[in-house]
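Chemist: Dropping in run-v9.pdb, which is PDB, C-alpha atoms (C1' of nucleotides):
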```pdb
ATOM      1  CA  MET A   1       6.549  41.773   6.347
ATOM      2  CA  PRO A   2       3.076  42.013   4.873
ATOM      3  CA  ARG A   3       0.292  39.865   6.131
ATOM      4  CA  SER A   4       0.396  38.016   2.903
ATOM      5  CA  THR A   5      -2.375  35.901   1.575
ATOM      6  CA  ARG A   6      -0.792  32.776   2.914
ATOM      7  CA  ARG A   7      -0.181  32.216   6.582
ATOM      8  CA  ARG A   8      -0.490  28.485   6.413
ATOM      9  CA  PRO A   9       2.560  26.281   5.979
ATOM     10  CA  ALA A  10       2.445  26.649   2.207
ATOM     11  CA  LEU A  11       1.714  23.601   0.146
ATOM     12  CA  ALA A  12       4.621  21.421  -0.805
ATOM     13  CA  HIS A  13       4.726  20.258  -4.391
ATOM     14  CA  PRO A  14       7.539  18.173  -5.842
ATOM     15  CA  ALA A  15       9.377  19.682  -8.776
ATOM     16  CA  THR A  16       8.690  18.130 -12.141
ATOM     17  CA  GLU A  17      12.031  16.344 -12.213
ATOM     18  CA  GLU A  18      11.416  15.042  -8.720
ATOM     19  CA  ILE A  19       8.204  13.230  -9.515
ATOM     20  CA  ASP A  20       8.643   9.549  -8.728
ATOM     21  CA  LEU A  21       6.889   7.031 -10.927
ATOM     22  CA  LEU A  22       6.404   4.514  -8.140
ATOM     23  CA  ASP A  23       4.783   7.185  -5.980
ATOM     24  CA  VAL A  24       2.495   8.108  -8.850
ATOM     25  CA  LEU A  25       1.484   4.514  -9.433
ATOM     26  CA  HIS A  26       0.832   3.991  -5.759
ATOM     27  CA  ALA A  27      -1.254   7.150  -5.590
ATOM     28  CA  LEU A  28      -3.313   5.953  -8.524
ATOM     29  CA  SER A  29      -3.869   2.483  -7.098
ATOM     30  CA  ASP A  30      -6.519   3.709  -4.673
ATOM     31  CA  PRO A  31     -10.102   3.928  -5.975
ATOM     32  CA  THR A  32     -10.892   7.179  -4.214
ATOM     33  CA  ARG A  33      -7.793   8.881  -5.530
ATOM     34  CA  MET A  34      -8.295   7.466  -9.000
ATOM     35  CA  THR A  35     -11.772   8.935  -9.018
ATOM     36  CA  ILE A  36     -10.403  12.308  -8.026
ATOM     37  CA  VAL A  37      -7.853  12.222 -10.821
ATOM     38  CA  ARG A  38     -10.448  11.117 -13.280
ATOM     39  CA  VAL A  39     -12.797  13.941 -12.370
ATOM     40  CA  LEU A  40      -9.943  16.409 -12.438
ATOM     41  CA  ARG A  41      -9.072  15.415 -15.925
ATOM     42  CA  ALA A  42     -12.425  16.561 -17.229
ATOM     43  CA  GLU A  43     -12.161  19.961 -15.571
ATOM     44  CA  PRO A  44      -9.289  22.389 -15.174
ATOM     45  CA  GLU A  45      -9.821  22.979 -11.484
ATOM     46  CA  ARG A  46     -12.129  22.005  -8.686
ATOM     47  CA  ALA A  47     -12.631  22.659  -4.984
ATOM     48  CA  CYS A  48     -11.878  19.821  -2.616
ATOM     49  CA  GLY A  49     -15.310  19.357  -1.189
ATOM     50  CA  THR A  50     -17.036  18.992  -4.520
ATOM     51  CA  PHE A  51     -15.824  15.568  -5.541
ATOM     52  CA  PRO A  52     -18.224  12.652  -5.929
ATOM     53  CA  VAL A  53     -16.621  10.504  -3.295
ATOM     54  CA  ASP A  54     -18.168   9.532  -0.010
ATOM     55  CA  VAL A  55     -15.465   9.587   2.611
ATOM     56  CA  ALA A  56     -15.071  11.830   5.619
ATOM     57  CA  PRO A  57     -13.572  15.286   4.996
ATOM     58  CA  SER A  58     -10.464  14.405   6.940
ATOM     59  CA  THR A  59      -9.955  11.294   4.884
ATOM     60  CA  LEU A  60     -10.427  13.256   1.715
ATOM     61  CA  SER A  61      -7.844  15.742   2.882
ATOM     62  CA  HIS A  62      -5.411  12.904   3.376
ATOM     63  CA  HIS A  63      -5.974  11.633  -0.147
ATOM     64  CA  PHE A  64      -5.382  15.073  -1.577
ATOM     65  CA  LYS A  65      -2.137  15.258   0.320
ATOM     66  CA  VAL A  66      -1.023  11.937  -1.138
ATOM     67  CA  LEU A  67      -1.927  13.089  -4.632
ATOM     68  CA  ARG A  68      -0.154  16.386  -4.187
ATOM     69  CA  GLU A  69       3.016  14.900  -2.731
ATOM     70  CA  SER A  70       3.169  12.347  -5.508
ATOM     71  CA  GLY A  71       3.140  15.168  -8.031
ATOM     72  CA  LEU A  72      -0.162  14.260  -9.623
ATOM     73  CA  ILE A  73      -2.052  17.374  -8.641
ATOM     74  CA  SER A  74      -1.341  20.935  -7.619
ATOM     75  CA  GLN A  75      -3.307  22.833  -5.054
ATOM     76  CA  ARG A  76      -4.022  26.507  -4.862
ATOM     77  CA  GLU A  77      -5.563  28.368  -1.953
ATOM     78  CA  GLU A  78      -8.265  30.898  -2.451
ATOM     79  CA  ALA A  79     -10.027  32.232   0.585
ATOM     80  CA  ASN A  80     -10.792  29.221   2.724
ATOM     81  CA  ARG A  81     -11.176  27.032  -0.310
ATOM     82  CA  ARG A  82      -8.520  24.889  -1.833
ATOM     83  CA  PHE A  83      -8.608  24.206  -5.527
ATOM     84  CA  SER A  84      -6.954  21.196  -7.045
ATOM     85  CA  ALA A  85      -5.780  20.706 -10.597
ATOM     86  CA  LEU A  86      -4.068  17.930 -12.478
ATOM     87  CA  ARG A  87      -0.432  18.664 -13.286
ATOM     88  CA  THR A  88      -0.967  17.566 -16.852
ATOM     89  CA  VAL A  89       1.865  19.576 -18.369
ATOM     90  CA  ASP A  90       4.423  18.505 -15.771
ATOM     91  CA  LEU A  91       3.286  14.897 -15.923
ATOM     92  CA  GLU A  92       3.437  14.897 -19.693
ATOM     93  CA  GLN A  93       6.939  16.272 -19.600
ATOM     94  CA  ARG A  94       8.129  13.820 -16.979
ATOM     95  CA  PHE A  95       6.286  10.717 -18.129
ATOM     96  CA  PRO A  96       4.977  11.232 -21.666
ATOM     97  CA  GLY A  97       1.662   9.582 -22.338
ATOM     98  CA  LEU A  98       1.379   8.049 -18.899
ATOM     99  CA  LEU A  99      -1.655   9.922 -17.659
ATOM    100  CA  ASP A 100      -3.582   9.486 -20.878
ATOM    101  CA  THR A 101      -2.851   5.791 -21.049
ATOM    102  CA  VAL A 102      -3.699   5.081 -17.439
ATOM    103  CA  LEU A 103      -6.881   7.127 -17.506
ATOM    104  CA  ALA A 104      -7.952   5.503 -20.752
ATOM    105  CA  ALA A 105      -7.339   2.109 -19.170
ATOM    106  CA  TYR A 106      -9.384   3.059 -16.149
ATOM    107  CA  LEU A 107     -12.285   4.410 -18.187
ATOM    108  CA  ARG A 108     -12.269   1.121 -20.019
ATOM    109  CA  THR A 109     -13.081  -0.706 -16.809
ATOM    110  CA  VAL A 110     -15.491   1.845 -15.330
ATOM    111  CA  PRO A 111     -17.292   3.318 -18.308
ATOM    112  CA  LYS A 112     -20.418   4.630 -16.687
ATOM    113  CA  LEU A 113     -20.347   7.841 -14.736
ATOM    114  CA  ALA A 114     -23.972   8.144 -13.553
ATOM    115  CA  GLY A 115     -24.052  11.799 -14.500
ATOM    116  CA  GLY A 116     -23.015  12.821 -11.013
ATOM    117  CA  LEU A 117     -19.715  14.245 -12.118
ATOM    118  CA  ALA A 118     -20.881  17.836 -12.407
ATOM    119  CA  GLY A 119     -23.450  17.633  -9.684
ATOM    120  CA  GLY A 120     -21.147  17.331  -6.709
ATOM    121  CA  PRO A 121     -21.205  14.852  -3.828
ATOM    122  CA  GLY A 122     -23.961  12.459  -3.053
ATOM    123  CA  GLY A 123     -24.182  11.524  -6.682
ATOM    124  CA  GLY A 124     -24.105   8.158  -8.291
ATOM    125  CA  GLU A 125     -20.432   7.380  -8.075
ATOM    126  CA  ALA A 126     -19.232   6.148  -4.728
ATOM    127  CA  ALA A 127     -15.624   5.669  -5.770
ATOM    128  CA  GLY A 128     -15.383   2.705  -3.490
ATOM    129  CA  GLY A 129     -16.129   0.113  -6.100
ATOM    130  CA  ALA A 130     -12.747  -1.219  -7.062
TER
ATOM    131  CA  MET B 131      -3.582 -42.024 -10.768
ATOM    132  CA  PRO B 132      -0.693 -41.011 -12.969
ATOM    133  CA  ARG B 133       2.200 -39.162 -11.477
ATOM    134  CA  SER B 134       1.267 -36.199 -13.567
ATOM    135  CA  THR B 135       3.470 -33.220 -14.019
ATOM    136  CA  ARG B 136       1.458 -31.185 -11.561
ATOM    137  CA  ARG B 137       0.677 -32.296  -8.061
ATOM    138  CA  ARG B 138       0.724 -28.831  -6.584
ATOM    139  CA  PRO B 139      -2.416 -26.687  -6.197
ATOM    140  CA  ALA B 140      -2.090 -25.282  -9.718
ATOM    141  CA  LEU B 141      -1.367 -21.619 -10.138
ATOM    142  CA  ALA B 142      -4.266 -19.201 -10.238
ATOM    143  CA  HIS B 143      -4.207 -16.597 -12.954
ATOM    144  CA  PRO B 144      -6.963 -14.043 -13.536
ATOM    145  CA  ALA B 145      -8.614 -14.122 -16.935
ATOM    146  CA  THR B 146      -7.744 -11.269 -19.243
ATOM    147  CA  GLU B 147     -11.104  -9.589 -18.731
ATOM    148  CA  GLU B 148     -10.707  -9.935 -15.001
ATOM    149  CA  ILE B 149      -7.491  -7.980 -14.765
ATOM    150  CA  ASP B 150      -8.036  -4.982 -12.510
ATOM    151  CA  LEU B 151      -6.206  -1.786 -13.317
ATOM    152  CA  LEU B 152      -5.890  -0.721  -9.712
ATOM    153  CA  ASP B 153      -4.368  -4.066  -8.809
ATOM    154  CA  VAL B 154      -1.913  -3.703 -11.662
ATOM    155  CA  LEU B 155      -0.903  -0.214 -10.590
ATOM    156  CA  HIS B 156      -0.490  -1.345  -7.032
ATOM    157  CA  ALA B 157       1.633  -4.281  -8.096
ATOM    158  CA  LEU B 158       3.855  -1.961 -10.106
ATOM    159  CA  SER B 159       4.285   0.542  -7.293
ATOM    160  CA  ASP B 160       6.814  -1.618  -5.481
ATOM    161  CA  PRO B 161      10.467  -1.306  -6.540
ATOM    162  CA  THR B 162      11.201  -5.012  -6.293
ATOM    163  CA  ARG B 163       8.198  -5.941  -8.388
ATOM    164  CA  MET B 164       8.876  -3.192 -10.892
ATOM    165  CA  THR B 165      12.383  -4.559 -11.328
ATOM    166  CA  ILE B 166      10.993  -8.005 -11.956
ATOM    167  CA  VAL B 167       8.606  -6.699 -14.584
ATOM    168  CA  ARG B 168      11.331  -4.688 -16.189
ATOM    169  CA  VAL B 169      13.661  -7.655 -16.441
ATOM    170  CA  LEU B 170      10.856  -9.833 -17.697
ATOM    171  CA  ARG B 171      10.152  -7.400 -20.477
ATOM    172  CA  ALA B 172      13.596  -7.949 -21.962
ATOM    173  CA  GLU B 173      13.278 -11.728 -21.923
ATOM    174  CA  PRO B 174      10.431 -14.056 -22.771
ATOM    175  CA  GLU B 175      10.777 -16.173 -19.668
ATOM    176  CA  ARG B 176      12.903 -16.500 -16.595
ATOM    177  CA  ALA B 177      13.192 -18.697 -13.487
ATOM    178  CA  CYS B 178      12.243 -17.127 -10.190
ATOM    179  CA  GLY B 179      15.574 -17.355  -8.472
ATOM    180  CA  THR B 180      17.502 -15.630 -11.233
ATOM    181  CA  PHE B 181      16.302 -12.080 -10.778
ATOM    182  CA  PRO B 182      18.690  -9.309  -9.732
ATOM    183  CA  VAL B 183      16.896  -8.497  -6.509
ATOM    184  CA  ASP B 184      18.234  -9.076  -3.048
ATOM    185  CA  VAL B 185      15.371 -10.185  -0.861
ATOM    186  CA  ALA B 186      14.777 -13.461   0.935
ATOM    187  CA  PRO B 187      13.336 -16.300  -1.165
ATOM    188  CA  SER B 188      10.089 -16.186   0.769
ATOM    189  CA  THR B 189       9.738 -12.483   0.107
ATOM    190  CA  LEU B 190      10.420 -13.009  -3.559
ATOM    191  CA  SER B 191       7.790 -15.700  -3.659
ATOM    192  CA  HIS B 192       5.322 -13.266  -2.164
ATOM    193  CA  HIS B 193       6.089 -10.669  -4.824
ATOM    194  CA  PHE B 194       5.622 -13.198  -7.599
ATOM    195  CA  LYS B 195       2.282 -14.117  -6.137
ATOM    196  CA  VAL B 196       1.204 -10.476  -6.115
ATOM    197  CA  LEU B 197       2.341 -10.054  -9.717
ATOM    198  CA  ARG B 198       0.600 -13.209 -10.815
ATOM    199  CA  GLU B 199      -2.683 -12.448  -9.058
ATOM    200  CA  SER B 200      -2.701  -8.951 -10.492
ATOM    201  CA  GLY B 201      -2.482 -10.437 -13.972
ATOM    202  CA  LEU B 202       0.893  -8.962 -14.836
ATOM    203  CA  ILE B 203       2.762 -12.225 -15.145
ATOM    204  CA  SER B 204       2.052 -15.862 -15.795
ATOM    205  CA  GLN B 205       3.903 -18.711 -14.192
ATOM    206  CA  ARG B 206       4.670 -22.133 -15.523
ATOM    207  CA  GLU B 207       6.056 -25.045 -13.586
ATOM    208  CA  GLU B 208       8.811 -27.201 -14.951
ATOM    209  CA  ALA B 209      10.363 -29.731 -12.649
ATOM    210  CA  ASN B 210      11.040 -27.882  -9.430
ATOM    211  CA  ARG B 211      11.563 -24.615 -11.250
ATOM    212  CA  ARG B 212       8.956 -21.992 -11.839
ATOM    213  CA  PHE B 213       9.230 -19.806 -14.890
ATOM    214  CA  SER B 214       7.628 -16.402 -15.056
ATOM    215  CA  ALA B 215       6.656 -14.435 -18.122
ATOM    216  CA  LEU B 216       5.002 -11.111 -18.728
ATOM    217  CA  ARG B 217       1.433 -11.386 -19.995
ATOM    218  CA  THR B 218       2.161  -8.863 -22.696
ATOM    219  CA  VAL B 219      -0.554  -9.988 -25.082
ATOM    220  CA  ASP B 220      -3.268 -10.101 -22.432
ATOM    221  CA  LEU B 221      -2.191  -6.797 -20.976
ATOM    222  CA  GLU B 222      -2.123  -5.179 -24.373
ATOM    223  CA  GLN B 223      -5.600  -6.425 -25.074
ATOM    224  CA  ARG B 224      -6.986  -5.327 -21.742
ATOM    225  CA  PHE B 225      -5.116  -2.037 -21.353
ATOM    226  CA  PRO B 226      -3.596  -1.001 -24.694
ATOM    227  CA  GLY B 227      -0.268   0.741 -24.396
ATOM    228  CA  LEU B 228      -0.203   0.640 -20.620
ATOM    229  CA  LEU B 229       2.769  -1.621 -20.128
ATOM    230  CA  ASP B 230       4.880   0.135 -22.728
ATOM    231  CA  THR B 231       4.109   3.559 -21.342
ATOM    232  CA  VAL B 232       4.738   2.636 -17.737
ATOM    233  CA  LEU B 233       7.945   0.788 -18.504
ATOM    234  CA  ALA B 234       9.180   3.637 -20.656
ATOM    235  CA  ALA B 235       8.431   6.031 -17.815
ATOM    236  CA  TYR B 236      10.313   3.836 -15.386
ATOM    237  CA  LEU B 237      13.346   3.470 -17.624
ATOM    238  CA  ARG B 238      13.386   7.222 -17.889
ATOM    239  CA  THR B 239      13.982   7.483 -14.150
ATOM    240  CA  VAL B 240      16.334   4.496 -13.762
ATOM    241  CA  PRO B 241      18.291   4.353 -16.997
ATOM    242  CA  LYS B 242      21.360   2.461 -15.897
ATOM    243  CA  LEU B 243      21.215  -1.252 -15.449
ATOM    244  CA  ALA B 244      24.784  -2.009 -14.325
ATOM    245  CA  GLY B 245      24.968  -4.928 -16.715
ATOM    246  CA  GLY B 246      23.738  -7.273 -14.018
ATOM    247  CA  LEU B 247      20.570  -8.125 -15.850
ATOM    248  CA  ALA B 248      21.848 -11.291 -17.447
ATOM    249  CA  GLY B 249      24.262 -12.158 -14.711
ATOM    250  CA  GLY B 250      21.808 -13.097 -12.024
ATOM    251  CA  PRO B 251      21.657 -11.921  -8.392
ATOM    252  CA  GLY B 252      24.360 -10.127  -6.546
ATOM    253  CA  GLY B 253      24.740  -7.732  -9.419
ATOM    254  CA  GLY B 254      24.526  -3.991  -9.459
ATOM    255  CA  GLU B 255      20.807  -3.485  -9.119
ATOM    256  CA  ALA B 256      19.462  -3.934  -5.658
ATOM    257  CA  ALA B 257      15.854  -3.025  -6.449
ATOM    258  CA  GLY B 258      15.312  -2.127  -2.848
ATOM    259  CA  GLY B 259      16.343   1.458  -3.054
ATOM    260  CA  ALA B 260      13.159   3.395  -3.581
TER
ATOM    261  C1'  DT C 261      17.269 -43.715   0.044
ATOM    262  C1'  DA C 262      19.592 -39.647   1.115
ATOM    263  C1'  DC C 263      21.023 -35.139  -0.323
ATOM    264  C1'  DG C 264      20.975 -30.658  -2.447
ATOM    265  C1'  DA C 265      18.602 -27.180  -5.149
ATOM    266  C1'  DT C 266      14.420 -24.586  -6.004
ATOM    267  C1'  DG C 267      10.522 -22.584  -4.394
ATOM    268  C1'  DT C 268       6.248 -22.281  -1.394
ATOM    269  C1'  DT C 269       3.631 -21.794   2.911
ATOM    270  C1'  DC C 270       3.174 -20.364   7.607
ATOM    271  C1'  DG C 271       3.645 -17.327  11.451
ATOM    272  C1'  DA C 272       5.437 -13.283  13.121
ATOM    273  C1'  DC C 273       6.865  -8.425  13.272
ATOM    274  C1'  DG C 274       7.134  -3.423  12.401
ATOM    275  C1'  DA C 275       5.861   0.043   9.186
ATOM    276  C1'  DA C 276       2.640   2.129   6.327
ATOM    277  C1'  DC C 277      -2.042   2.797   4.909
ATOM    278  C1'  DT C 278      -6.995   4.063   5.225
ATOM    279  C1'  DA C 279     -10.466   5.486   7.922
ATOM    280  C1'  DC C 280     -12.905   8.284  11.315
ATOM    281  C1'  DG C 281     -14.165  11.954  14.856
ATOM    282  C1'  DA C 282     -12.834  15.959  17.382
ATOM    283  C1'  DA C 283     -10.500  20.131  17.559
ATOM    284  C1'  DA C 284      -8.227  23.946  15.349
ATOM    285  C1'  DT C 285      -7.513  27.304  11.464
ATOM    286  C1'  DT C 286      -8.976  30.544   8.067
ATOM    287  C1'  DG C 287     -11.967  33.573   5.563
ATOM    288  C1'  DA C 288     -16.642  35.297   4.356
ATOM    289  C1'  DC C 289     -20.789  37.256   6.029
ATOM    290  C1'  DG C 290     -24.481  38.645   9.175
TER
ATOM    291  C1'  DC D 291     -17.847  40.506  16.874
ATOM    292  C1'  DG D 292     -20.154  36.046  16.434
ATOM    293  C1'  DT D 293     -21.179  32.480  13.310
ATOM    294  C1'  DC D 294     -20.960  29.485   9.464
ATOM    295  C1'  DA D 295     -18.487  26.990   5.929
ATOM    296  C1'  DA D 296     -14.366  24.724   4.108
ATOM    297  C1'  DT D 297     -10.347  22.204   5.185
ATOM    298  C1'  DT D 298      -6.467  20.687   7.782
ATOM    299  C1'  DT D 299      -4.233  18.625  11.762
ATOM    300  C1'  DC D 300      -4.187  15.437  15.454
ATOM    301  C1'  DG D 301      -5.002  11.208  17.711
ATOM    302  C1'  DT D 302      -6.464   6.658  17.126
ATOM    303  C1'  DA D 303      -8.317   2.125  15.505
ATOM    304  C1'  DG D 304      -8.114  -1.537  12.218
ATOM    305  C1'  DT D 305      -6.114  -3.325   8.083
ATOM    306  C1'  DT D 306      -2.723  -4.186   4.679
ATOM    307  C1'  DC D 307       2.049  -4.476   3.254
ATOM    308  C1'  DG D 308       6.893  -5.930   2.964
ATOM    309  C1'  DT D 309      10.088  -8.579   5.212
ATOM    310  C1'  DC D 310      12.143 -12.436   7.391
ATOM    311  C1'  DG D 311      13.097 -17.242   9.349
ATOM    312  C1'  DA D 312      11.656 -21.882   9.835
ATOM    313  C1'  DA D 313       9.463 -25.677   8.007
ATOM    314  C1'  DC D 314       7.613 -28.186   4.130
ATOM    315  C1'  DA D 315       7.211 -29.995  -0.701
ATOM    316  C1'  DT D 316       9.133 -31.353  -5.108
ATOM    317  C1'  DC D 317      12.498 -32.922  -8.377
ATOM    318  C1'  DG D 318      17.060 -34.482 -10.011
ATOM    319  C1'  DT D 319      20.936 -36.983  -8.779
ATOM    320  C1'  DA D 320      24.507 -39.447  -6.169
TER
END
```
Could I get this structure in the form of C-alpha cells?
Modeler:
Amino acid sequence: MPRSTRRRPALAHPATEEIDLLDVLHALSDPTRMTIVRVLRAEPERACGTFPVDVAPSTLSHHFKVLRESGLISQREEANRRFSALRTVDLEQRFPGLLDTVLAAYLRTVPKLAGGLAGGPGGGEAAGGA
Amino acid sequence: MPRSTRRRPALAHPATEEIDLLDVLHALSDPTRMTIVRVLRAEPERACGTFPVDVAPSTLSHHFKVLRESGLISQREEANRRFSALRTVDLEQRFPGLLDTVLAAYLRTVPKLAGGLAGGPGGGEAAGGA
DNA sequence: TACGATGTTCGACGAACTACGAAATTGACG
DNA sequence: CGTCAATTTCGTAGTTCGTCGAACATCGTA
C-alpha cells in the first residue's frame, strides 16, 4: 500500500447521471456561489483562495462543498492546494444549454466586473450584492 | 365606495426589470414549486387548488407567494378563486431562453407524469419526493 | 342570514442554511 | 525539524425555509 498522493477522504463527486437539477438550481441561487461559477467559467481552473469573494475561508470551503456535491464543479488536489473547475462537459450532457443560459441571464443583471476577476481577492466584486 | 371587484390588499408582482435571477433560481429549487411551474407551462392558467401536489392549503399558499414575488408567475383574482399563470413573456424578455432550458432539463429527469396533470390532486405526482 | 368552498394570514416548530472562529491537516520551504 | 500557507473540519450562533393547524376573509348559494 503506497503512501499515495491522497490521504484525505477523497472528494466525492456525483456521477453525471446523478446530477440533480434542483440541487444545481439551489447551488446557483446563492450570490457567493454564483460568483464562483461565473469566475470559473472564464478560466479552466482556479485555486480556492483566489476568488473575488469576501467571506471567511471556512465559509468559502462550505460553498465549494455545496457546489461540488451538486455536480457543478470538480475539485482536484495538488499539494496543499485545491483546484476547482466547472464540469462544463458533464453539465452540458446532463442538462444541455443550462449553464450557458443561466450564466448569460446572470451576466445580464450584473454586467460590470470591476476588473478584479484576474487580480484575486480584495478586488471590486464583493459577491454579496444580490 | 363601490363594492369593487378587489377589496383585498392587491397582489404584488415585481416589474419585469425587477425580476432577480437568484430569486428565480431559488424559487425553482423546490420540488413543489417546480411542479407548479411545470404544470403551469402546459396550461395558460389554473386555479390554486387544482395542482397535483399534496401539501396543506396554507403551505401551497406560501409557495404561490414565493413564486409570485420571484416574478415567475402572475396571479389574478376572480370571485374567491385565484388563478395563476406563468409570466412567460416577461421571463423571456428578462432572461431569454431560461424558462425553456430549465423546464427541459427538469423534464429530462422526471419524464413521467402519471396522467394526473389534468385530473387534479390525489393523482400520481406527489411533488414532495426530492 | 347561514353555510360551504376557496384561499390567505398568523403563529409555531424542526430542519436546513450561512456565517464565523478555532483547531487540525497537509505540503512546501527555510 | 520548525514554520508558514492553504484548506478543511468542528462547534456554534443567527437566520431562513418548508410545513402545519387554527383562525379569518371572501364569494356564491341555499
Chemist: Select from chain D every residue with an atom at most 8 Å from any atom of chain A, then for each give the shortest pair of atoms and their distance in Å to one decimal, using all atoms listed in the file, rows by chain and rising number, as a Markdown table.
Modeler:
```
| residue | atom | partner | partner_atom | distance |
| --- | --- | --- | --- | --- |
| D:DA296 | C1' | A:Asn80 | CA | 5.9 |
| D:DT297 | C1' | A:Ser61 | CA | 7.3 |
| D:DT298 | C1' | A:Ser61 | CA | 7.1 |
```
Chemist: On this structure, the PyMOL selection byres ((chain A) within 7 of (chain B)) would catch which residues? List them as a PyMOL selection string, sorted by chain and number.
Modeler: chain A and resi 21-23+25-26+28-30+95+97-98+101-102+105-106
Chemist: Name every residue that the PyMOL selection byres ((chain D and resi 308) around 10) selects in this structure, writing the answer as a short mmCIF file (atom, residue, chain, number, x, y, z; two decimals) with C-alpha atoms (C1' of nucleotides), in the frame of the given file with chains first and numbers rising.
Modeler:
```cif
data_model
loop_
_atom_site.label_atom_id
_atom_site.label_comp_id
_atom_site.auth_asym_id
_atom_site.auth_seq_id
_atom_site.Cartn_x
_atom_site.Cartn_y
_atom_site.Cartn_z
CA ASP B 160 6.81 -1.62 -5.48
CA THR B 189 9.74 -12.48 0.11
CA HIS B 192 5.32 -13.27 -2.16
CA HIS B 193 6.09 -10.67 -4.82
"C1'" DG C 274 7.13 -3.42 12.40
"C1'" DA C 275 5.86 0.04 9.19
"C1'" DA C 276 2.64 2.13 6.33
"C1'" DT D 306 -2.72 -4.19 4.68
"C1'" DC D 307 2.05 -4.48 3.25
"C1'" DT D 309 10.09 -8.58 5.21
"C1'" DC D 310 12.14 -12.44 7.39
#
```
Chemist: At most 8 Å is the cut-off: for each residue in chain C with any atom that close to an atom of chain B, write down the nearest atom pair and the distance in Å rounded to one decimal, counting all atoms listed in the file, chain first then increasing number, as CSV.
Modeler:
```
residue,atom,partner,partner_atom,distance
C:DT266,C1',B:Asn210,CA,5.8
C:DG267,C1',B:Arg211,CA,7.2
C:DT268,C1',B:Ser191,CA,7.1
```
Chemist: Applying 12 Å and only C-alpha atoms (C1' of nucleotides), which residues near DG271 of chain C remain after dropping the ones on its own chain fewer than 5 positions away? List them as a list in words.
Modeler: DC310, DG311, DA312 and DA313 of chain D
Chemist: Return segment 12-24 of chain A, completed with N, CA and C atoms, as a PDB file, keeping the file's coordinate frame.
Modeler:
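What follows is the written file part38.pdb:
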```
ATOM      1  N   ALA A  12       3.394  21.966  -0.213  1.00  0.00           N
ATOM      2  CA  ALA A  12       4.621  21.421  -0.805  1.00  0.00           C
ATOM      3  C   ALA A  12       4.286  20.616  -2.055  1.00  0.00           C
ATOM      4  N   HIS A  13       4.868  21.013  -3.150  1.00  0.00           N
ATOM      5  CA  HIS A  13       4.726  20.258  -4.391  1.00  0.00           C
ATOM      6  C   HIS A  13       6.104  19.822  -4.859  1.00  0.00           C
ATOM      7  N   PRO A  14       6.248  18.591  -5.289  1.00  0.00           N
ATOM      8  CA  PRO A  14       7.539  18.173  -5.842  1.00  0.00           C
ATOM      9  C   PRO A  14       7.781  18.849  -7.189  1.00  0.00           C
ATOM     10  N   ALA A  15       9.038  19.135  -7.460  1.00  0.00           N
ATOM     11  CA  ALA A  15       9.377  19.682  -8.776  1.00  0.00           C
ATOM     12  C   ALA A  15       9.138  18.620  -9.839  1.00  0.00           C
ATOM     13  N   THR A  16       8.999  19.062 -11.059  1.00  0.00           N
ATOM     14  CA  THR A  16       8.690  18.130 -12.141  1.00  0.00           C
ATOM     15  C   THR A  16       9.711  17.002 -12.216  1.00  0.00           C
ATOM     16  N   GLU A  17      10.978  17.357 -12.086  1.00  0.00           N
ATOM     17  CA  GLU A  17      12.031  16.344 -12.213  1.00  0.00           C
ATOM     18  C   GLU A  17      12.058  15.408 -11.001  1.00  0.00           C
ATOM     19  N   GLU A  18      11.386  15.826  -9.952  1.00  0.00           N
ATOM     20  CA  GLU A  18      11.416  15.042  -8.720  1.00  0.00           C
ATOM     21  C   GLU A  18      10.275  14.032  -8.649  1.00  0.00           C
ATOM     22  N   ILE A  19       9.362  14.117  -9.582  1.00  0.00           N
ATOM     23  CA  ILE A  19       8.204  13.230  -9.515  1.00  0.00           C
ATOM     24  C   ILE A  19       8.637  11.777  -9.684  1.00  0.00           C
ATOM     25  N   ASP A  20       8.239  10.957  -8.740  1.00  0.00           N
ATOM     26  CA  ASP A  20       8.643   9.549  -8.728  1.00  0.00           C
ATOM     27  C   ASP A  20       7.526   8.670  -9.293  1.00  0.00           C
ATOM     28  N   LEU A  21       7.894   7.859 -10.268  1.00  0.00           N
ATOM     29  CA  LEU A  21       6.889   7.031 -10.927  1.00  0.00           C
ATOM     30  C   LEU A  21       6.207   6.087  -9.953  1.00  0.00           C
ATOM     31  N   LEU A  22       6.979   5.461  -9.083  1.00  0.00           N
ATOM     32  CA  LEU A  22       6.404   4.514  -8.140  1.00  0.00           C
ATOM     33  C   LEU A  22       5.418   5.208  -7.208  1.00  0.00           C
ATOM     34  N   ASP A  23       5.722   6.427  -6.808  1.00  0.00           N
ATOM     35  CA  ASP A  23       4.783   7.185  -5.980  1.00  0.00           C
ATOM     36  C   ASP A  23       3.500   7.475  -6.753  1.00  0.00           C
ATOM     37  N   VAL A  24       3.659   7.821  -8.008  1.00  0.00           N
ATOM     38  CA  VAL A  24       2.495   8.108  -8.850  1.00  0.00           C
ATOM     39  C   VAL A  24       1.617   6.869  -8.991  1.00  0.00           C
TER      40      VAL A  24
END
```
